[in-house]
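First comes the structure, then the notes that go with it.
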Amino acid sequence: MAKKEMTWRDAIDFVLSASPNALHYQEITERIIVQGLRTSLGATPAATVNAQISASIKKDGDKSPYVRVDKGSFMLKAGAAVEVGASPVAATPVEAQEEVEEDQYDIVTSFGMFWSRQSVLWQATPKLLGVQQKGAATVDVSKQAGIYMLYDGREVIYVGRATSALGKRLYEHTYDRLASRWDRFSWFGLLPIADNGTIGELPSTFEGSKLIPALEAILIEALEPRQNRKRGDDLSAVEFMQVEDPELQKKRVKATLAAAMEKL
């Protein structure tokens with residue numbers, strides 16, 4: 001009989017109860033995956049974990065078993081008891097820091113750093129494929145809106161904006177004056193990405209107080225200035241790791257077979 005997987009909340013509680021220290025939601029997600037607590041991850045597991053904990057803190061207040069001790073980092077409250085399956089687990093007492101909201105995520109929802117140009121099959125409607133976490137569903141971010149940077153090696157040679165379709169805008173740079181000058185790109189998206197991988201709509205307005213830390217974090221994340229000891233306020237958006245377009249793999253296999261046939 002197949003083992004029934006934990007709910008997200010049970011899996012989160014299991015991981016936090018086993019850790020004496022606060023964990024970032026990315027680390028919590030990684031441990032959930034590595035320990036096999038959940039196999040149904042969706043496209044945005046790290047965002048799901050963050051949302052589950054943040055929603056409990058916001059909705060349940062003092063009754064929530066979680067406490068935010070830094071941006072994106074959480075632990076169980078001192079003396080809190082949670083039920084994981086049938087076994088109650090008590091949290092290790094700690095002194096919690098003041099809660100800090102992750103307002104940036106309301107502006108920049110997702111980003112990808114130093115993606116390879118060679119891993120994309122460039123056409124009028126290219127696929128820009130990425131995963132949030134190992135084991136998560138692949139997401140096509142080609143319809144994201146936001147800003148992007150083109151690199152020649154590690155040097156930024158161009159900064160642009162994509163108001164509707166990131167993939168189409170990047171495709172244009174494969175045949176314009178920059179065509180031969182870039183080999184990597186980074187992007188910062190403003191559209192929300194649902195757990196099923198669909199891209200949402202752009203909000204009609206943004207709060208000014210949230211724009212400032214978001215812009216700072218983007219610049220520091222992208223430029224990596226030596227005098228900044230941390231990455232902005234640590235960019236709160238979810239990072240996606242690039243996945244090569246499987247059509248490129250098929251093309252390589254066909255080319256290899258064709259070359260082998262010519263030698264026969």
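Order determines the names: the first chain of the structure tokens is A, the second B, and so forth; residues in each chain are numbered 1 upward, and ligands are numbered 1 upward as they are shown.
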Exercise for review: For Ser119 of chain A, list every protein, DNA or RNA residue within 8 Å, evaluated using only C-alpha atoms, and leave out those in the same chain fewer than 3 positions away; present the list as a PyMOL selection string.
Suggested key: chain A and resi 115-116+243-245+248
Counting only C-alpha atoms, give me one row per residue of segment 171-216 of chain A with an atom at most 12 Å from an atom of segment 19-42 of chain A, showing the shortest contact pair and its distance in Å to one decimal, sorted by chain then residue number, as a Markdown table.
| residue | atom | partner | partner_atom | distance |
| --- | --- | --- | --- | --- |
| A:Ile193 | CA | A:Gly42 | CA | 11.1 |
| A:Ala194 | CA | A:Gly42 | CA | 9.0 |
| A:Asp195 | CA | A:Gly42 | CA | 5.4 |
| A:Asn196 | CA | A:Gly42 | CA | 5.9 |
| A:Gly197 | CA | A:Gly42 | CA | 7.7 |
| A:Thr198 | CA | A:Gly42 | CA | 11.1 |
**Study point:** Coordinates-based distance that separates atom CA of Gly112 of chain A from atom CA of Ala43 of chain A (Å, one decimal)
**Key:**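 Atom-to-atom, atom CA of Ala43 of chain A and atom CA of Gly112 of chain A are spaced 14.8 Å apart.
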Exercise for review: Within segment 16-228 of chain A, find each residue whose DSSP state, derived from the backbone, is strand (DSSP E), and express the selection as a ChimeraX atom specification.
Suggested key: /A:23-24,66-70,73-76,81-84,87-90,110-116,129-131,139-140,146-152,155-162,184-189
Put those residues in a file: C-alpha atoms, as a tab-separated table (two decimals), in the first residue's frame.
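Output saved as part06.tsv:
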chain	number	residue	atom	x	y	z
A	23	LEU	CA	15.40	27.91	8.69
A	24	HIS	CA	14.77	29.90	5.52
A	66	TYR	CA	5.53	29.88	13.93
A	67	VAL	CA	7.67	32.94	14.45
A	68	ARG	CA	9.57	34.90	11.79
A	69	VAL	CA	13.09	35.62	13.06
A	70	ASP	CA	14.50	37.20	9.90
A	73	SER	CA	13.47	32.56	8.09
A	74	PHE	CA	11.15	30.85	10.55
A	75	MET	CA	11.08	28.51	13.51
A	76	LEU	CA	8.58	27.11	15.94
A	81	ALA	CA	3.74	21.92	20.45
A	82	VAL	CA	2.71	20.65	17.04
A	83	GLU	CA	1.28	17.35	15.94
A	84	VAL	CA	3.22	15.61	13.21
A	87	SER	CA	3.37	12.37	17.58
A	88	PRO	CA	3.40	15.78	19.28
A	89	VAL	CA	6.78	17.52	19.04
A	90	ALA	CA	7.90	20.38	21.28
A	110	SER	CA	10.41	35.55	-9.36
A	111	PHE	CA	13.81	35.81	-10.98
A	112	GLY	CA	16.52	33.85	-12.79
A	113	MET	CA	20.25	34.60	-12.73
A	114	PHE	CA	22.81	34.05	-15.46
A	115	TRP	CA	20.69	31.79	-17.63
A	116	SER	CA	22.50	30.42	-20.67
A	129	LEU	CA	12.10	26.92	-18.82
A	130	GLY	CA	13.00	26.88	-15.15
A	131	VAL	CA	12.37	25.05	-11.90
A	139	VAL	CA	7.63	26.49	-15.55
A	140	ASP	CA	7.79	28.42	-18.81
A	146	GLY	CA	9.70	42.78	-15.88
A	147	ILE	CA	13.31	43.71	-16.50
A	148	TYR	CA	16.24	41.74	-17.85
A	149	MET	CA	19.98	42.02	-18.32
A	150	LEU	CA	22.21	40.68	-21.07
A	151	TYR	CA	25.78	39.62	-20.28
A	152	ASP	CA	28.97	39.17	-22.24
A	155	GLU	CA	29.78	41.95	-17.80
A	156	VAL	CA	26.36	43.56	-18.11
A	157	ILE	CA	26.11	44.99	-21.62
A	158	TYR	CA	22.41	45.81	-21.77
A	159	VAL	CA	19.45	46.40	-19.46
A	160	GLY	CA	15.95	46.18	-20.92
A	161	ARG	CA	12.31	45.82	-20.03
A	162	ALA	CA	9.68	43.36	-21.16
A	184	ARG	CA	23.80	34.90	-20.74
A	185	PHE	CA	20.82	36.75	-19.33
A	186	SER	CA	19.14	37.43	-16.00
A	187	TRP	CA	15.49	38.36	-15.48
A	188	PHE	CA	13.28	39.73	-12.71
A	189	GLY	CA	9.55	39.09	-13.11
Review point. Which value, in Å to one decimal, gives the distance between atom CA of Leu223 of chain A and atom CA of Val49 of chain A?
Key: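 Atom-to-atom, atom CA of Leu223 of chain A to atom CA of Val49 of chain A, that is 28.6 Å.
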Point to revise | Residue list (alpha helix (DSSP H), DSSP) for segment 131-170 of chain A, as a list of chain:residue names | key: A:Leu166, A:Gly167, A:Lys168, A:Arg169, A:Leu170
Using only N, CA, C and O atoms, please write the residues we just selected to a file, as a PDB file, in the first residue's frame.
ATOM      1  N   LEU A 166       8.607  38.278 -21.955  1.00  0.00           N
ATOM      2  CA  LEU A 166      10.060  38.256 -21.814  1.00  0.00           C
ATOM      3  C   LEU A 166      10.710  37.448 -22.932  1.00  0.00           C
ATOM      4  O   LEU A 166      11.728  37.855 -23.499  1.00  0.00           O
ATOM      5  N   GLY A 167      10.134  36.289 -23.265  1.00  0.00           N
ATOM      6  CA  GLY A 167      10.720  35.432 -24.282  1.00  0.00           C
ATOM      7  C   GLY A 167      10.812  36.114 -25.630  1.00  0.00           C
ATOM      8  O   GLY A 167      11.843  36.050 -26.312  1.00  0.00           O
ATOM      9  N   LYS A 168       9.750  36.773 -26.038  1.00  0.00           N
ATOM     10  CA  LYS A 168       9.723  37.465 -27.325  1.00  0.00           C
ATOM     11  C   LYS A 168      10.747  38.593 -27.354  1.00  0.00           C
ATOM     12  O   LYS A 168      11.436  38.799 -28.369  1.00  0.00           O
ATOM     13  N   ARG A 169      10.854  39.316 -26.232  1.00  0.00           N
ATOM     14  CA  ARG A 169      11.804  40.445 -26.173  1.00  0.00           C
ATOM     15  C   ARG A 169      13.239  39.937 -26.280  1.00  0.00           C
ATOM     16  O   ARG A 169      14.055  40.525 -27.002  1.00  0.00           O
ATOM     17  N   LEU A 170      13.555  38.838 -25.603  1.00  0.00           N
ATOM     18  CA  LEU A 170      14.905  38.285 -25.687  1.00  0.00           C
ATOM     19  C   LEU A 170      15.194  37.740 -27.082  1.00  0.00           C
ATOM     20  O   LEU A 170      16.316  37.851 -27.588  1.00  0.00           O
TER      21      LEU A 170
END
Review point. Looking at only C-alpha atoms, which of A:Val120, A:Ala47, A:Ile53, A:Ala165 is the one that sits closest to Ile12 of chain A?
Key: A:Ile53
Review point. Pick from A:Arg226, A:Lys143, A:Arg117, A:Arg154: nearest to Asp183 of chain A, with only C-alpha atoms counted?
Key: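 Of A:Arg226, A:Lys143, A:Arg117, A:Arg154, the one nearest Asp183 of chain A is A:Arg117, counting only C-alpha atoms.
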